[in-house]
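The next block is work-v4.json, given as JSON, C-alpha atoms.
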```
[["chain", "number", "residue", "atom", "x", "y", "z"],
["A", 29, "MET", "CA", -135.73, -84.19, -26.90],
["A", 30, "VAL", "CA", -135.18, -87.89, -26.22],
["A", 31, "LYS", "CA", -131.42, -87.35, -26.03],
["A", 32, "LYS", "CA", -131.87, -84.34, -23.71],
["A", 33, "ALA", "CA", -134.11, -86.43, -21.45],
["A", 34, "GLN", "CA", -131.50, -89.19, -21.33],
["A", 35, "ASN", "CA", -128.76, -86.68, -20.54],
["A", 36, "LEU", "CA", -130.85, -85.13, -17.77],
["A", 37, "HIS", "CA", -131.64, -88.54, -16.32],
["A", 38, "LYS", "CA", -127.92, -89.31, -16.16],
["A", 39, "LEU", "CA", -127.14, -85.89, -14.68],
["A", 40, "LEU", "CA", -129.79, -86.27, -11.98],
["A", 41, "ALA", "CA", -128.31, -89.62, -11.03],
["A", 42, "GLU", "CA", -124.93, -87.91, -10.61],
["A", 43, "VAL", "CA", -126.48, -85.15, -8.50],
["A", 44, "ARG", "CA", -128.26, -87.61, -6.22],
["A", 45, "ALA", "CA", -125.03, -89.55, -5.75],
["A", 46, "CYS", "CA", -123.08, -86.40, -4.83],
["A", 47, "ARG", "CA", -121.12, -86.63, -1.58],
["A", 48, "ALA", "CA", -119.22, -83.34, -1.80],
["A", 49, "CYS", "CA", -120.55, -82.27, 1.60],
["A", 50, "ALA", "CA", -119.92, -85.40, 3.63],
["A", 51, "ASP", "CA", -119.71, -83.37, 6.85],
["A", 52, "LEU", "CA", -123.41, -82.42, 6.90],
["A", 53, "PRO", "CA", -125.11, -83.17, 10.25],
["A", 54, "LEU", "CA", -127.63, -85.61, 8.74],
["A", 55, "GLY", "CA", -125.33, -86.67, 5.94],
["A", 56, "PRO", "CA", -125.73, -85.83, 2.25],
["A", 57, "ARG", "CA", -129.07, -86.54, 0.57],
["A", 58, "PRO", "CA", -129.43, -84.33, -2.53],
["A", 59, "ILE", "CA", -133.11, -83.66, -3.28],
["A", 60, "VAL", "CA", -134.02, -82.31, -6.72],
["A", 61, "ARG", "CA", -136.83, -82.92, -9.20],
["A", 62, "ALA", "CA", -136.66, -82.17, -12.94],
["A", 63, "SER", "CA", -137.65, -83.20, -16.43],
["A", 64, "ALA", "CA", -136.57, -81.91, -19.82],
["A", 65, "THR", "CA", -140.23, -81.04, -20.52],
["A", 66, "ALA", "CA", -140.77, -78.90, -17.41],
["A", 67, "ARG", "CA", -141.86, -75.31, -18.06],
["A", 68, "LEU", "CA", -141.81, -74.09, -14.45],
["A", 69, "LEU", "CA", -138.75, -74.06, -12.18],
["A", 70, "ILE", "CA", -139.05, -73.58, -8.42],
["A", 71, "VAL", "CA", -135.88, -72.45, -6.65],
["A", 72, "GLY", "CA", -136.01, -72.32, -2.88],
["A", 73, "GLN", "CA", -133.42, -72.37, -0.14],
["A", 74, "ALA", "CA", -132.53, -75.92, 0.99],
["A", 75, "PRO", "CA", -134.42, -78.93, 2.34],
["A", 76, "GLY", "CA", -135.51, -78.91, 5.97],
["A", 77, "THR", "CA", -135.39, -81.96, 8.20],
["A", 78, "ARG", "CA", -138.82, -83.26, 7.16],
["A", 79, "VAL", "CA", -137.95, -83.00, 3.47],
["A", 80, "HIS", "CA", -134.59, -84.66, 4.16],
["A", 81, "HIS", "CA", -136.25, -87.62, 5.87],
["A", 82, "THR", "CA", -139.03, -88.06, 3.28],
["A", 83, "GLY", "CA", -136.94, -87.23, 0.22],
["A", 84, "LEU", "CA", -139.81, -85.16, -1.21],
["A", 85, "SER", "CA", -139.34, -81.47, -2.00],
["A", 86, "TRP", "CA", -141.59, -78.98, -0.18],
["A", 87, "ASN", "CA", -143.25, -81.78, 1.77],
["A", 88, "ASP", "CA", -143.93, -79.58, 4.80],
["A", 89, "PRO", "CA", -146.09, -76.63, 5.93],
["A", 90, "SER", "CA", -144.03, -74.28, 3.73],
["A", 91, "GLY", "CA", -144.93, -76.42, 0.74],
["A", 92, "ASP", "CA", -148.60, -76.37, 1.72],
["A", 93, "ARG", "CA", -148.61, -72.56, 1.67],
["A", 94, "LEU", "CA", -146.66, -72.46, -1.61],
["A", 95, "ARG", "CA", -149.20, -74.79, -3.25],
["A", 96, "ALA", "CA", -152.00, -72.58, -1.91],
["A", 97, "TRP", "CA", -150.35, -69.53, -3.46],
["A", 98, "MET", "CA", -150.00, -71.40, -6.75],
["A", 99, "ASN", "CA", -153.52, -72.87, -6.44],
["A", 100, "VAL", "CA", -152.42, -76.37, -7.41],
["A", 101, "ASP", "CA", -152.87, -79.76, -5.80],
["A", 102, "ARG", "CA", -150.05, -82.09, -4.80],
["A", 103, "ASP", "CA", -150.37, -84.26, -7.92],
["A", 104, "THR", "CA", -149.78, -81.24, -10.15],
["A", 105, "PHE", "CA", -147.02, -79.83, -7.98],
["A", 106, "TYR", "CA", -145.10, -83.11, -8.02],
["A", 107, "ASP", "CA", -145.55, -83.76, -11.73],
["A", 108, "GLU", "CA", -141.92, -83.64, -12.85],
["A", 109, "ALA", "CA", -142.97, -83.46, -16.49],
["A", 110, "ARG", "CA", -144.28, -79.95, -15.78],
["A", 111, "VAL", "CA", -142.55, -78.70, -12.63],
["A", 112, "ALA", "CA", -138.83, -78.75, -11.80],
["A", 113, "VAL", "CA", -137.72, -78.16, -8.20],
["A", 114, "ILE", "CA", -134.04, -77.32, -7.77],
["A", 115, "PRO", "CA", -133.19, -75.51, -4.50],
["A", 116, "MET", "CA", -130.06, -73.47, -4.00],
["A", 117, "GLY", "CA", -128.77, -76.18, -1.68],
["A", 118, "PHE", "CA", -129.72, -79.78, -2.39],
["A", 119, "CYS", "CA", -129.13, -81.17, 1.11],
["A", 120, "TYR", "CA", -130.23, -80.22, 4.61],
["A", 121, "PRO", "CA", -127.50, -77.80, 5.77],
["A", 122, "GLY", "CA", -127.98, -78.09, 9.53],
["A", 123, "LYS", "CA", -129.41, -75.88, 12.24],
["A", 124, "GLY", "CA", -128.21, -72.37, 13.09],
["A", 125, "LYS", "CA", -129.16, -69.90, 15.82],
["A", 126, "GLY", "CA", -132.15, -68.42, 13.97],
["A", 127, "GLY", "CA", -133.23, -71.46, 11.96],
["A", 128, "ASP", "CA", -131.61, -73.61, 9.31],
["A", 129, "LEU", "CA", -128.15, -72.67, 8.07],
["A", 130, "PRO", "CA", -127.75, -71.08, 4.61],
["A", 131, "PRO", "CA", -127.62, -73.39, 1.57],
["A", 132, "ARG", "CA", -124.22, -74.87, 0.96],
["A", 133, "PRO", "CA", -122.50, -73.10, -1.98],
["A", 134, "GLU", "CA", -121.08, -76.32, -3.43],
["A", 135, "CYS", "CA", -124.39, -77.19, -5.12],
["A", 136, "ALA", "CA", -124.45, -74.10, -7.30],
["A", 137, "GLU", "CA", -120.76, -74.39, -8.10],
["A", 138, "LEU", "CA", -120.95, -78.06, -9.08],
["A", 139, "TRP", "CA", -124.36, -78.54, -10.62],
["A", 140, "ARG", "CA", -126.57, -75.52, -11.30],
["A", 141, "GLU", "CA", -125.27, -74.50, -14.74],
["A", 142, "ARG", "CA", -125.37, -78.09, -15.98],
["A", 143, "LEU", "CA", -128.91, -78.55, -14.72],
["A", 144, "HIS", "CA", -130.07, -75.33, -16.36],
["A", 145, "ASN", "CA", -128.58, -76.40, -19.67],
["A", 146, "ALA", "CA", -130.58, -79.63, -19.44],
["A", 147, "LEU", "CA", -133.91, -77.80, -18.92],
["A", 148, "PRO", "CA", -134.59, -76.10, -22.27],
["A", 149, "GLN", "CA", -138.35, -75.62, -21.78],
["A", 150, "ILE", "CA", -138.29, -73.50, -18.60],
["A", 151, "GLU", "CA", -140.30, -70.30, -19.10],
["A", 152, "LEU", "CA", -140.74, -69.07, -15.54],
["A", 153, "THR", "CA", -138.58, -69.47, -12.44],
["A", 154, "LEU", "CA", -139.99, -68.82, -8.98],
["A", 155, "LEU", "CA", -137.23, -67.31, -6.82],
["A", 156, "ILE", "CA", -138.24, -68.12, -3.27],
["A", 157, "GLY", "CA", -136.19, -66.35, -0.64],
["A", 158, "GLN", "CA", -133.11, -64.16, -0.63],
["A", 159, "TYR", "CA", -130.58, -66.83, -1.63],
["A", 160, "ALA", "CA", -132.33, -67.67, -4.88],
["A", 161, "GLN", "CA", -132.94, -63.99, -5.63],
["A", 162, "ARG", "CA", -129.32, -63.09, -5.00],
["A", 163, "TYR", "CA", -128.05, -65.83, -7.30],
["A", 164, "TYR", "CA", -130.41, -65.22, -10.22],
["A", 165, "LEU", "CA", -130.98, -61.48, -10.05],
["A", 166, "GLY", "CA", -127.50, -60.33, -9.07],
["A", 167, "GLU", "CA", -127.26, -56.54, -9.28],
["A", 168, "ARG", "CA", -130.93, -56.33, -10.23],
["A", 169, "GLN", "CA", -131.82, -57.36, -6.69],
["A", 170, "TYR", "CA", -132.92, -54.57, -4.33],
["A", 171, "GLY", "CA", -131.49, -53.92, -0.89],
["A", 172, "SER", "CA", -133.97, -56.16, 0.91],
["A", 173, "LEU", "CA", -136.15, -59.13, 0.11],
["A", 174, "THR", "CA", -139.24, -57.01, 0.69],
["A", 175, "GLU", "CA", -138.19, -54.44, -1.89],
["A", 176, "THR", "CA", -137.15, -57.11, -4.38],
["A", 177, "VAL", "CA", -140.52, -58.83, -4.11],
["A", 178, "ARG", "CA", -142.31, -55.46, -4.21],
["A", 179, "HIS", "CA", -140.70, -54.81, -7.63],
["A", 180, "TRP", "CA", -141.73, -58.20, -8.97],
["A", 181, "ARG", "CA", -143.03, -56.74, -12.24],
["A", 182, "GLU", "CA", -139.48, -55.83, -13.28],
["A", 183, "TYR", "CA", -138.42, -59.47, -13.43],
["A", 184, "LEU", "CA", -141.23, -60.98, -15.48],
["A", 185, "PRO", "CA", -141.62, -62.90, -17.71],
["A", 186, "HIS", "CA", -138.60, -64.99, -16.72],
["A", 187, "TYR", "CA", -138.52, -64.63, -12.93],
["A", 188, "LEU", "CA", -141.00, -64.07, -10.12],
["A", 189, "PRO", "CA", -139.44, -63.34, -6.68],
["A", 190, "LEU", "CA", -141.38, -64.49, -3.63],
["A", 191, "PRO", "CA", -140.83, -64.56, 0.13],
["A", 192, "HIS", "CA", -140.33, -67.94, 1.71],
["A", 193, "PRO", "CA", -143.74, -69.41, 2.62],
["A", 194, "SER", "CA", -142.41, -70.70, 5.95],
["A", 195, "PRO", "CA", -144.56, -70.39, 9.08],
["A", 196, "ARG", "CA", -141.65, -68.31, 10.40],
["A", 197, "ASN", "CA", -142.69, -65.60, 7.92],
["A", 198, "LEU", "CA", -146.26, -65.16, 9.14],
["A", 199, "LEU", "CA", -145.42, -61.74, 10.58],
["A", 200, "TRP", "CA", -143.91, -60.64, 7.25],
["A", 201, "LEU", "CA", -147.05, -61.79, 5.41],
["A", 202, "LYS", "CA", -149.25, -59.93, 7.88],
["A", 203, "ARG", "CA", -147.23, -56.74, 7.40],
["A", 204, "ASN", "CA", -147.25, -57.05, 3.60],
["A", 205, "PRO", "CA", -150.82, -57.90, 2.55],
["A", 206, "TRP", "CA", -150.08, -56.61, -0.96],
["A", 207, "LEU", "CA", -148.38, -59.94, -1.70],
["A", 208, "GLU", "CA", -151.60, -61.93, -1.70],
["A", 209, "ARG", "CA", -153.55, -59.04, -3.17],
["A", 210, "GLU", "CA", -151.22, -58.21, -6.08],
["A", 211, "VAL", "CA", -148.65, -60.96, -6.62],
["A", 212, "VAL", "CA", -150.52, -64.18, -5.89],
["A", 213, "PRO", "CA", -153.21, -63.62, -8.58],
["A", 214, "VAL", "CA", -150.47, -63.09, -11.19],
["A", 215, "LEU", "CA", -148.64, -66.18, -9.94],
["A", 216, "ARG", "CA", -151.82, -68.26, -10.27],
["A", 217, "ALA", "CA", -152.50, -66.98, -13.76],
["A", 218, "GLU", "CA", -148.96, -67.85, -14.85],
["A", 219, "ILE", "CA", -149.21, -71.30, -13.28],
["A", 220, "GLN", "CA", -152.49, -71.96, -15.06],
["A", 221, "ARG", "CA", -150.98, -70.88, -18.37],
["A", 222, "LEU", "CA", -147.77, -72.87, -18.01],
["A", 223, "LEU", "CA", -149.18, -76.05, -16.52],
["A", 224, "ALA", "CA", -152.60, -76.04, -18.17],
["A", 225, "VAL", "CA", -154.36, -76.89, -14.93],
["A", 226, "PRO", "CA", -157.90, -75.89, -13.97],
["A", 227, "GLN", "CA", -158.34, -73.47, -11.10],
["A", 228, "LEU", "CA", -159.12, -75.30, -7.86],
["A", 229, "ALA", "CA", -162.60, -74.73, -6.56],
["A", 230, "ARG", "CA", -162.73, -72.31, -3.68],
["A", 231, "PRO", "CA", -164.37, -73.69, -0.51],
["A", 232, "LYS", "CA", -167.92, -72.51, -0.04],
["A", 233, "ARG", "CA", -168.55, -70.05, 2.73],
["A", 234, "LYS", "CA", -170.74, -71.30, 5.53],
["A", 235, "SER", "CA", -173.96, -69.36, 5.78]]
```
The structure given in the file should be rewritten as structure tokens.
Amino acid sequence: MVKKAQNLHKLLAEVRACRACADLPLGPRPIVRASATARLLIVGQAPGTRVHHTGLSWNDPSGDRLRAWMNVDRDTFYDEARVAVIPMGFCYPGKGKGGDLPPRPECAELWRERLHNALPQIELTLLIGQYAQRYYLGERQYGSLTETVRHWREYLPHYLPLPHPSPRNLLWLKRNPWLEREVVPVLRAEIQRLLAVPQLARPKRKS
């Protein structure tokens, strides 16, 4: 395990020094988090501008909702010994007409297989959004994100597909209340099992 940790440390240094996409609008700044002991892997889309500037994964309103779904605090979420965060694109890809551009494909081509090989303890991977689901599920993916997430039971115990927790998806969440009713409790139970964290106390209702 010591050798694997050393190899991963060296690999992460290579990833963070990557300049394959020098033409990015804010310049390259690969943002990943991992440890050879991590049991949970979170795969999202790509960093937004706030994450790019702070250098901290999911450090935005989307991350706040994701942590609420998982029922973990920030200290637990950012504990690299337990949680790896490797998006489909490591750098901010730039702005498109309807939001951020898709993740750059170079990241997966250059680094993803090597990173996976250096994470032997991963038991569950959260596939957040269509890009992660397309890459990991391949032909097992359904025709839409909604249908893929609706069939979440088919992918356990290795994968759990989720919609992106972005504020842009509030309408989707409103139209699909089954996510928080059916999927979120299973997600929280898996997180508690994998990370050995106590359930956060629910706020008391005002009388």
Per residue of region 117-138 of chain A within 10 Å of region 64-77 of chain A, record the nearest atom pair and its distance in Å to one decimal, counting all atoms listed in the file, with rows in chain order and ascending residue number, as a Markdown table.
```
| residue | atom | partner | partner_atom | distance |
| --- | --- | --- | --- | --- |
| A:Gly117 | CA | A:Ala74 | CA | 4.6 |
| A:Phe118 | CA | A:Ala74 | CA | 5.8 |
| A:Cys119 | CA | A:Pro75 | CA | 5.9 |
| A:Tyr120 | CA | A:Pro75 | CA | 4.9 |
| A:Pro121 | CA | A:Ala74 | CA | 7.2 |
| A:Gly122 | CA | A:Gly76 | CA | 8.4 |
| A:Lys123 | CA | A:Gly76 | CA | 9.3 |
| A:Gly127 | CA | A:Gly76 | CA | 9.8 |
| A:Asp128 | CA | A:Gly76 | CA | 7.4 |
| A:Leu129 | CA | A:Ala74 | CA | 8.9 |
| A:Pro130 | CA | A:Gln73 | CA | 7.5 |
| A:Pro131 | CA | A:Ala74 | CA | 5.6 |
| A:Arg132 | CA | A:Ala74 | CA | 8.4 |
```
At a cut-off of 12 Å, using all atoms listed in the file, what residues contact region 155-172 of chain A? Leave out same-chain residues fewer than 3 positions from it and give the result as a PyMOL selection string. chain A and resi 68-74+86+90-91+94+113-117+129-133+136-137+140-141+144+152+175-180+182-184+186-194+197+215
Please write the residues from the selection above to a file, keeping C-alpha atoms, as a PDB file, in the frame of the given file.
```pdb
ATOM      1  CA  LEU A  68    -141.810 -74.090 -14.450  1.00  0.00           C
ATOM      2  CA  LEU A  69    -138.750 -74.060 -12.180  1.00  0.00           C
ATOM      3  CA  ILE A  70    -139.050 -73.580  -8.420  1.00  0.00           C
ATOM      4  CA  VAL A  71    -135.880 -72.450  -6.650  1.00  0.00           C
ATOM      5  CA  GLY A  72    -136.010 -72.320  -2.880  1.00  0.00           C
ATOM      6  CA  GLN A  73    -133.420 -72.370  -0.140  1.00  0.00           C
ATOM      7  CA  ALA A  74    -132.530 -75.920   0.990  1.00  0.00           C
ATOM      8  CA  TRP A  86    -141.590 -78.980  -0.180  1.00  0.00           C
ATOM      9  CA  SER A  90    -144.030 -74.280   3.730  1.00  0.00           C
ATOM     10  CA  GLY A  91    -144.930 -76.420   0.740  1.00  0.00           C
ATOM     11  CA  LEU A  94    -146.660 -72.460  -1.610  1.00  0.00           C
ATOM     12  CA  VAL A 113    -137.720 -78.160  -8.200  1.00  0.00           C
ATOM     13  CA  ILE A 114    -134.040 -77.320  -7.770  1.00  0.00           C
ATOM     14  CA  PRO A 115    -133.190 -75.510  -4.500  1.00  0.00           C
ATOM     15  CA  MET A 116    -130.060 -73.470  -4.000  1.00  0.00           C
ATOM     16  CA  GLY A 117    -128.770 -76.180  -1.680  1.00  0.00           C
ATOM     17  CA  LEU A 129    -128.150 -72.670   8.070  1.00  0.00           C
ATOM     18  CA  PRO A 130    -127.750 -71.080   4.610  1.00  0.00           C
ATOM     19  CA  PRO A 131    -127.620 -73.390   1.570  1.00  0.00           C
ATOM     20  CA  ARG A 132    -124.220 -74.870   0.960  1.00  0.00           C
ATOM     21  CA  PRO A 133    -122.500 -73.100  -1.980  1.00  0.00           C
ATOM     22  CA  ALA A 136    -124.450 -74.100  -7.300  1.00  0.00           C
ATOM     23  CA  GLU A 137    -120.760 -74.390  -8.100  1.00  0.00           C
ATOM     24  CA  ARG A 140    -126.570 -75.520 -11.300  1.00  0.00           C
ATOM     25  CA  GLU A 141    -125.270 -74.500 -14.740  1.00  0.00           C
ATOM     26  CA  HIS A 144    -130.070 -75.330 -16.360  1.00  0.00           C
ATOM     27  CA  LEU A 152    -140.740 -69.070 -15.540  1.00  0.00           C
ATOM     28  CA  GLU A 175    -138.190 -54.440  -1.890  1.00  0.00           C
ATOM     29  CA  THR A 176    -137.150 -57.110  -4.380  1.00  0.00           C
ATOM     30  CA  VAL A 177    -140.520 -58.830  -4.110  1.00  0.00           C
ATOM     31  CA  ARG A 178    -142.310 -55.460  -4.210  1.00  0.00           C
ATOM     32  CA  HIS A 179    -140.700 -54.810  -7.630  1.00  0.00           C
ATOM     33  CA  TRP A 180    -141.730 -58.200  -8.970  1.00  0.00           C
ATOM     34  CA  GLU A 182    -139.480 -55.830 -13.280  1.00  0.00           C
ATOM     35  CA  TYR A 183    -138.420 -59.470 -13.430  1.00  0.00           C
ATOM     36  CA  LEU A 184    -141.230 -60.980 -15.480  1.00  0.00           C
ATOM     37  CA  HIS A 186    -138.600 -64.990 -16.720  1.00  0.00           C
ATOM     38  CA  TYR A 187    -138.520 -64.630 -12.930  1.00  0.00           C
ATOM     39  CA  LEU A 188    -141.000 -64.070 -10.120  1.00  0.00           C
ATOM     40  CA  PRO A 189    -139.440 -63.340  -6.680  1.00  0.00           C
ATOM     41  CA  LEU A 190    -141.380 -64.490  -3.630  1.00  0.00           C
ATOM     42  CA  PRO A 191    -140.830 -64.560   0.130  1.00  0.00           C
ATOM     43  CA  HIS A 192    -140.330 -67.940   1.710  1.00  0.00           C
ATOM     44  CA  PRO A 193    -143.740 -69.410   2.620  1.00  0.00           C
ATOM     45  CA  SER A 194    -142.410 -70.700   5.950  1.00  0.00           C
ATOM     46  CA  ASN A 197    -142.690 -65.600   7.920  1.00  0.00           C
ATOM     47  CA  LEU A 215    -148.640 -66.180  -9.940  1.00  0.00           C
TER      48      LEU A 215
END
```
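When all atoms listed in the file are used to measure the gap to Trp206 (chain A), the shortest distance among A:Leu39, A:Asp92, A:Thr174, A:Cys135 belongs to A:Thr174.
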Considering only C-alpha atoms, return as a compact mmCIF listing (two decimals) with C-alpha atoms, in the coordinates of the input whatever protein or nucleic-acid residues lie within 8 Å of Leu222 (chain A), sequence-local ones (same chain, fewer than 2 positions apart) excluded.
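The resulting file, part-v6.txt, is shown below:
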```txt
# COMPACT_ATOMS: atom_id res chain seq x y z
CA ARG A 67 -141.86 -75.31 -18.06
CA LEU A 68 -141.81 -74.09 -14.45
CA GLU A 151 -140.30 -70.30 -19.10
CA GLU A 218 -148.96 -67.85 -14.85
CA ILE A 219 -149.21 -71.30 -13.28
CA GLN A 220 -152.49 -71.96 -15.06
CA ALA A 224 -152.60 -76.04 -18.17
```
Atom-to-atom span, CA of Val111 (chain A) and CA of Arg95 (chain A), Å: 12.1 Å
Rounded to one decimal, what separation in Å do you get between CA of Arg47 (chain A) and CA of Ser85 (chain A)? 18.9 Å
Residues within 12 Å of Lys38 (chain A), all atoms listed in the file, excluding chain neighbours under 6 positions, as a list in words: Lys31, Lys32, Arg44, Ala45, Ala62, Ser63, Ala64, Arg142, Leu143 and Ala146 of chain A
State, in Å with one decimal place, the distance from CA of Val79 (chain A) to CA of His37 (chain A). 21.5 Å
Residue nearest Asn87 (chain A) among A:Leu36, A:Ile59, A:Ala41, A:Leu54 (counting only C-alpha atoms):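 With only C-alpha atoms as the atom set, the closest residue is A:Ile59.
Checking A:Arg221, A:Arg61, A:Lys125, A:Arg78 one by one against Phe105 (chain A), counting all atoms listed in the file, you find the shortest gap at A:Arg61.
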Using only C-alpha atoms, which of the listed residues (A:Ala96, A:Leu154, A:Val43, A:Leu199) sits closest to Pro56 (chain A)?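 Nearest to Pro56 (chain A): A:Val43.
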Identify which of the residues A:Pro205, A:Val214, A:Trp139, A:Val100 lies closest to Pro58 (chain A), counting all atoms listed in the file when measuring atom-to-atom distances. A:Trp139
Subset file as a JSON list (two decimals), in the first residue's frame: region 98-157 of chain A, C-alpha atoms:
```json
[["chain", "number", "residue", "atom", "x", "y", "z"],
["A", 98, "MET", "CA", -24.80, 12.55, 0.88],
["A", 99, "ASN", "CA", -25.51, 13.92, 4.39],
["A", 100, "VAL", "CA", -21.85, 14.69, 5.09],
["A", 101, "ASP", "CA", -20.06, 17.81, 6.26],
["A", 102, "ARG", "CA", -17.24, 19.53, 4.39],
["A", 103, "ASP", "CA", -14.50, 17.95, 6.51],
["A", 104, "THR", "CA", -15.70, 14.47, 5.57],
["A", 105, "PHE", "CA", -16.28, 15.35, 1.94],
["A", 106, "TYR", "CA", -12.77, 16.74, 1.54],
["A", 107, "ASP", "CA", -11.04, 13.90, 3.39],
["A", 108, "GLU", "CA", -8.91, 12.50, 0.57],
["A", 109, "ALA", "CA", -8.17, 9.38, 2.59],
["A", 110, "ARG", "CA", -11.82, 8.39, 2.15],
["A", 111, "VAL", "CA", -13.17, 10.31, -0.85],
["A", 112, "ALA", "CA", -11.62, 10.66, -4.31],
["A", 113, "VAL", "CA", -12.93, 13.35, -6.67],
["A", 114, "ILE", "CA", -11.95, 12.92, -10.32],
["A", 115, "PRO", "CA", -14.20, 14.76, -12.80],
["A", 116, "MET", "CA", -14.46, 13.85, -16.46],
["A", 117, "GLY", "CA", -12.60, 17.06, -17.29],
["A", 118, "PHE", "CA", -9.99, 18.32, -14.86],
["A", 119, "CYS", "CA", -9.97, 21.98, -15.97],
["A", 120, "TYR", "CA", -12.61, 24.64, -16.53],
["A", 121, "PRO", "CA", -13.61, 24.15, -20.19],
["A", 122, "GLY", "CA", -15.08, 27.58, -20.89],
["A", 123, "LYS", "CA", -18.56, 28.98, -21.37],
["A", 124, "GLY", "CA", -21.03, 27.86, -24.04],
["A", 125, "LYS", "CA", -24.48, 29.08, -25.05],
["A", 126, "GLY", "CA", -26.38, 27.07, -22.43],
["A", 127, "GLY", "CA", -23.77, 26.96, -19.67],
["A", 128, "ASP", "CA", -20.26, 25.57, -19.39],
["A", 129, "LEU", "CA", -18.82, 23.66, -22.34],
["A", 130, "PRO", "CA", -18.52, 19.85, -22.17],
["A", 131, "PRO", "CA", -15.48, 18.36, -20.41],
["A", 132, "ARG", "CA", -12.42, 18.21, -22.59],
["A", 133, "PRO", "CA", -11.81, 14.61, -23.80],
["A", 134, "GLU", "CA", -8.04, 14.80, -23.31],
["A", 135, "CYS", "CA", -8.34, 14.13, -19.57],
["A", 136, "ALA", "CA", -9.93, 10.73, -20.00],
["A", 137, "GLU", "CA", -7.58, 9.79, -22.81],
["A", 138, "LEU", "CA", -4.43, 10.78, -20.92],
["A", 139, "TRP", "CA", -5.13, 10.05, -17.29],
["A", 140, "ARG", "CA", -8.31, 8.20, -16.32],
["A", 141, "GLU", "CA", -7.13, 4.60, -16.71],
["A", 142, "ARG", "CA", -3.90, 5.31, -14.85],
["A", 143, "LEU", "CA", -5.77, 7.00, -12.02],
["A", 144, "HIS", "CA", -8.22, 4.12, -11.71],
["A", 145, "ASN", "CA", -5.37, 1.63, -11.52],
["A", 146, "ALA", "CA", -3.92, 3.64, -8.63],
["A", 147, "LEU", "CA", -7.19, 3.53, -6.62],
["A", 148, "PRO", "CA", -7.54, -0.13, -5.59],
["A", 149, "GLN", "CA", -9.96, 0.45, -2.69],
["A", 150, "ILE", "CA", -12.81, 2.14, -4.58],
["A", 151, "GLU", "CA", -16.10, 0.33, -3.90],
["A", 152, "LEU", "CA", -18.66, 2.84, -5.16],
["A", 153, "THR", "CA", -18.48, 5.49, -7.88],
["A", 154, "LEU", "CA", -21.03, 8.30, -8.03],
["A", 155, "LEU", "CA", -21.69, 9.13, -11.70],
["A", 156, "ILE", "CA", -22.93, 12.70, -11.67],
["A", 157, "GLY", "CA", -24.32, 13.87, -14.98]]
```
